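Below is the file model20.pdb, which contains PDB, C-alpha atoms, pLDDT in the B column.
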```
ATOM      1  CA  MET R  24       0.000   0.000   0.000  1.00 60.00           C
ATOM      2  CA  SER R  25       1.435   3.327  -1.076  1.00 83.00           C
ATOM      3  CA  THR R  26       1.634   6.369   1.172  1.00 91.00           C
ATOM      4  CA  PRO R  27       1.602   9.658  -0.788  1.00 96.00           C
ATOM      5  CA  LEU R  28       4.565  11.998  -0.570  1.00 97.00           C
ATOM      6  CA  LEU R  29       4.007  15.286   1.225  1.00 98.00           C
ATOM      7  CA  SER R  30       4.119  18.490  -0.802  1.00 97.00           C
ATOM      8  CA  GLU R  31       6.651  21.185   0.087  1.00 96.00           C
ATOM      9  CA  ASP R  32       3.807  23.178   1.680  1.00 97.00           C
ATOM     10  CA  GLU R  33       2.742  20.173   3.763  1.00 97.00           C
ATOM     11  CA  ILE R  34       6.341  19.633   4.886  1.00 97.00           C
ATOM     12  CA  ARG R  35       6.711  23.310   5.816  1.00 97.00           C
ATOM     13  CA  THR R  36       3.446  23.225   7.799  1.00 97.00           C
ATOM     14  CA  ALA R  37       4.469  20.035   9.606  1.00 97.00           C
ATOM     15  CA  LEU R  38       7.855  21.497  10.538  1.00 97.00           C
ATOM     16  CA  GLU R  39       6.149  24.522  12.107  1.00 97.00           C
ATOM     17  CA  GLU R  40       4.788  22.027  14.670  1.00 96.00           C
ATOM     18  CA  LEU R  41       8.153  20.211  14.874  1.00 98.00           C
ATOM     19  CA  PRO R  42      10.631  23.033  15.568  1.00 96.00           C
ATOM     20  CA  ASP R  43      13.494  20.713  16.604  1.00 98.00           C
ATOM     21  CA  TRP R  44      13.482  18.961  13.220  1.00 98.00           C
ATOM     22  CA  THR R  45      15.356  20.017  10.098  1.00 98.00           C
ATOM     23  CA  HIS R  46      14.504  19.174   6.519  1.00 97.00           C
ATOM     24  CA  THR R  47      17.309  18.159   4.185  1.00 96.00           C
ATOM     25  CA  GLY R  48      16.659  16.482   0.856  1.00 95.00           C
ATOM     26  CA  ASN R  49      14.206  13.614   1.287  1.00 96.00           C
ATOM     27  CA  SER R  50      14.392  13.432   5.077  1.00 98.00           C
ATOM     28  CA  ILE R  51      13.886  15.211   8.370  1.00 98.00           C
ATOM     29  CA  ALA R  52      16.234  14.844  11.325  1.00 98.00           C
ATOM     30  CA  ARG R  53      16.502  15.723  14.981  1.00 98.00           C
ATOM     31  CA  THR R  54      19.311  15.300  17.483  1.00 98.00           C
ATOM     32  CA  VAL R  55      18.457  14.766  21.138  1.00 98.00           C
ATOM     33  CA  GLU R  56      21.055  15.236  23.853  1.00 97.00           C
ATOM     34  CA  ALA R  57      20.247  12.827  26.665  1.00 97.00           C
ATOM     35  CA  PRO R  58      21.326  13.436  30.267  1.00 97.00           C
ATOM     36  CA  SER R  59      23.481  10.281  30.158  1.00 97.00           C
ATOM     37  CA  PHE R  60      24.563   7.562  27.751  1.00 98.00           C
ATOM     38  CA  LEU R  61      22.142   5.079  29.312  1.00 98.00           C
ATOM     39  CA  ALA R  62      19.275   7.582  29.080  1.00 98.00           C
ATOM     40  CA  GLY R  63      20.032   7.955  25.358  1.00 98.00           C
ATOM     41  CA  ILE R  64      19.979   4.182  24.908  1.00 98.00           C
ATOM     42  CA  GLU R  65      16.669   3.992  26.779  1.00 98.00           C
ATOM     43  CA  LEU R  66      15.240   6.674  24.471  1.00 98.00           C
ATOM     44  CA  VAL R  67      16.363   4.619  21.473  1.00 98.00           C
ATOM     45  CA  ARG R  68      14.677   1.546  22.957  1.00 98.00           C
ATOM     46  CA  ARG R  69      11.413   3.428  23.465  1.00 98.00           C
ATOM     47  CA  VAL R  70      11.534   4.927  19.963  1.00 98.00           C
ATOM     48  CA  ALA R  71      12.263   1.463  18.550  1.00 98.00           C
ATOM     49  CA  ALA R  72       9.144   0.075  20.225  1.00 98.00           C
ATOM     50  CA  GLU R  73       7.037   2.946  18.861  1.00 97.00           C
ATOM     51  CA  ALA R  74       8.548   2.524  15.384  1.00 97.00           C
ATOM     52  CA  GLU R  75       7.962  -1.212  15.401  1.00 97.00           C
ATOM     53  CA  SER R  76       4.290  -0.779  16.298  1.00 96.00           C
ATOM     54  CA  ALA R  77       3.924   1.781  13.471  1.00 95.00           C
ATOM     55  CA  ASN R  78       5.956  -0.417  11.079  1.00 94.00           C
ATOM     56  CA  HIS R  79       7.962   2.689  10.170  1.00 95.00           C
ATOM     57  CA  HIS R  80      11.600   2.748  11.236  1.00 95.00           C
ATOM     58  CA  PRO R  81      14.008   5.679  11.625  1.00 97.00           C
ATOM     59  CA  ASP R  82      17.705   5.737  10.946  1.00 98.00           C
ATOM     60  CA  ILE R  83      19.365   6.173  14.341  1.00 98.00           C
ATOM     61  CA  ASP R  84      22.883   7.419  15.059  1.00 98.00           C
ATOM     62  CA  ILE R  85      24.162   7.231  18.648  1.00 98.00           C
ATOM     63  CA  ARG R  86      27.185   9.319  19.657  1.00 97.00           C
ATOM     64  CA  TRP R  87      27.650   9.101  23.424  1.00 96.00           C
ATOM     65  CA  ARG R  88      24.712  11.165  24.791  1.00 97.00           C
ATOM     66  CA  ARG R  89      23.669  12.546  21.401  1.00 98.00           C
ATOM     67  CA  VAL R  90      21.088  10.537  19.464  1.00 98.00           C
ATOM     68  CA  THR R  91      20.116  11.594  15.951  1.00 98.00           C
ATOM     69  CA  PHE R  92      16.899  10.322  14.398  1.00 98.00           C
ATOM     70  CA  THR R  93      16.478  10.629  10.619  1.00 98.00           C
ATOM     71  CA  LEU R  94      13.120   9.946   9.014  1.00 98.00           C
ATOM     72  CA  SER R  95      12.184   9.268   5.418  1.00 98.00           C
ATOM     73  CA  THR R  96       9.796   6.862   3.754  1.00 97.00           C
ATOM     74  CA  HIS R  97      12.390   5.062   1.655  1.00 92.00           C
ATOM     75  CA  SER R  98       9.801   3.043  -0.277  1.00 92.00           C
ATOM     76  CA  GLU R  99       8.230   6.312  -1.483  1.00 95.00           C
ATOM     77  CA  GLY R 100      11.465   8.244  -1.981  1.00 95.00           C
ATOM     78  CA  GLY R 101      10.679  11.089   0.402  1.00 97.00           C
ATOM     79  CA  LEU R 102       8.557  12.332   3.269  1.00 98.00           C
ATOM     80  CA  THR R 103       5.073  11.055   4.049  1.00 97.00           C
ATOM     81  CA  ARG R 104       2.601  11.423   6.904  1.00 97.00           C
ATOM     82  CA  LEU R 105       4.304   8.382   8.496  1.00 97.00           C
ATOM     83  CA  ASP R 106       7.451  10.452   9.027  1.00 98.00           C
ATOM     84  CA  VAL R 107       5.533  13.328  10.590  1.00 98.00           C
ATOM     85  CA  GLU R 108       3.637  10.967  12.903  1.00 98.00           C
ATOM     86  CA  LEU R 109       6.843   9.256  14.027  1.00 98.00           C
ATOM     87  CA  ALA R 110       8.579  12.636  14.517  1.00 98.00           C
ATOM     88  CA  ARG R 111       5.739  13.669  16.837  1.00 98.00           C
ATOM     89  CA  ALA R 112       6.115  10.417  18.768  1.00 98.00           C
ATOM     90  CA  ILE R 113       9.887  10.908  19.052  1.00 98.00           C
ATOM     91  CA  ASP R 114       9.339  14.448  20.364  1.00 98.00           C
ATOM     92  CA  ARG R 115       6.908  13.120  22.974  1.00 98.00           C
ATOM     93  CA  LEU R 116       9.309  10.368  24.069  1.00 98.00           C
ATOM     94  CA  ALA R 117      12.280  12.759  24.171  1.00 97.00           C
ATOM     95  CA  GLN R 118      10.306  15.132  26.396  1.00 95.00           C
ATOM     96  CA  GLU R 119       9.420  12.275  28.749  1.00 92.00           C
ATOM     97  CA  SER R 120      13.099  11.319  29.135  1.00 79.00           C
TER      98      SER R 120
END
```
Can you give me the file's structure in the form of C-alpha cells?
Amino acid sequence: MSTPLLSEDEIRTALEELPDWTHTGNSIARTVEAPSFLAGIELVRRVAAEAESANHHPDIDIRWRRVTFTLSTHSEGGLTRLDVELARAIDRLAQES
C-alpha cells in the first residue's frame, strides 16, 4: 500500500509544529542530547518500540549522549505522513526522558 509523498507546503506546515526537526533532501532529522549515555539508549529503545508498532523505522545514530533520528519513507522516496507521525512520537518520548 502506497503512502503519498508530502508536498513542500505540507512539509513546511508540519515542521512549524516540529521546531526541533530540520529538513534536508528527502528526510527530516533531529538530534536529542540525553542526560546520560544510558538515558540515550533507553530513548532509542522506546523509539524502537514505537517505530515497530507503526511499522515505520528511523535511521538512528548514537554518539555518546547525542542521538540523531532521521526519518524518510524510503519506499516512497521522500517524506510522508508516516514520518511526521513518528517525529511527533519521538518528540513526545524525548520530552518524557
Skip Leu105 in chain R itself and residues of its chain fewer than 6 positions away, then list as a ChimeraX atom specification all residues within 9 Å of it, counting only C-alpha atoms.
/R:26,77,79,94-96
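Rounded to one decimal, CA of Leu61 in chain R and CA of Glu75 in chain R lie 20.8 Å from each other.
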Open item on the list: When the PyMOL selection byres ((chain R and resi 27) around 12) is applied to the structure above, which residues does it catch, written out as a list in words?
Closed with: Met24, Ser25, Thr26, Leu28, Leu29, Ser30, Glu33, Thr96, His97, Ser98, Glu99, Gly100, Gly101, Leu102, Thr103, Arg104, Leu105 and Asp106 of chain R
Could you expand the PyMOL selection byres ((chain R and resi 85) around 10) into the explicit residues it covers here, written as a tab-separated table (two decimals) with C-alpha atoms, in the frame of the given file?
```tsv
chain	number	residue	atom	x	y	z
R	54	THR	CA	19.31	15.30	17.48
R	55	VAL	CA	18.46	14.77	21.14
R	60	PHE	CA	24.56	7.56	27.75
R	63	GLY	CA	20.03	7.96	25.36
R	64	ILE	CA	19.98	4.18	24.91
R	67	VAL	CA	16.36	4.62	21.47
R	83	ILE	CA	19.36	6.17	14.34
R	84	ASP	CA	22.88	7.42	15.06
R	86	ARG	CA	27.18	9.32	19.66
R	87	TRP	CA	27.65	9.10	23.42
R	88	ARG	CA	24.71	11.16	24.79
R	89	ARG	CA	23.67	12.55	21.40
R	90	VAL	CA	21.09	10.54	19.46
R	91	THR	CA	20.12	11.59	15.95
R	92	PHE	CA	16.90	10.32	14.40
```
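Near Gln118 in chain R, within 12 Å and counting only C-alpha atoms, sit Asp43, Val55, Glu56, Ala57, Pro58, Leu66, Arg111, Ala112, Ile113, Asp114, Arg115, Leu116 and Ser120 of chain R; same-chain residues fewer than 2 positions away were not included.
Minimum atom-to-atom distances from R:Trp44, R:Arg68, R:Glu108, R:Arg35 to Thr93 in chain R were compared using only C-alpha atoms, and the lowest value belongs to R:Trp44.
In this structure, CA of His46 in chain R sits 17.3 Å away from CA of His80 in chain R.
In this model, the gap between CA of Ile34 in chain R and CA of Ala110 in chain R comes to 12.1 Å.
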From the list R:Ala62, R:Asn49, R:Leu109, R:Leu38, the nearest residue to Ala74 in chain R using all atoms listed in the file is R:Leu109
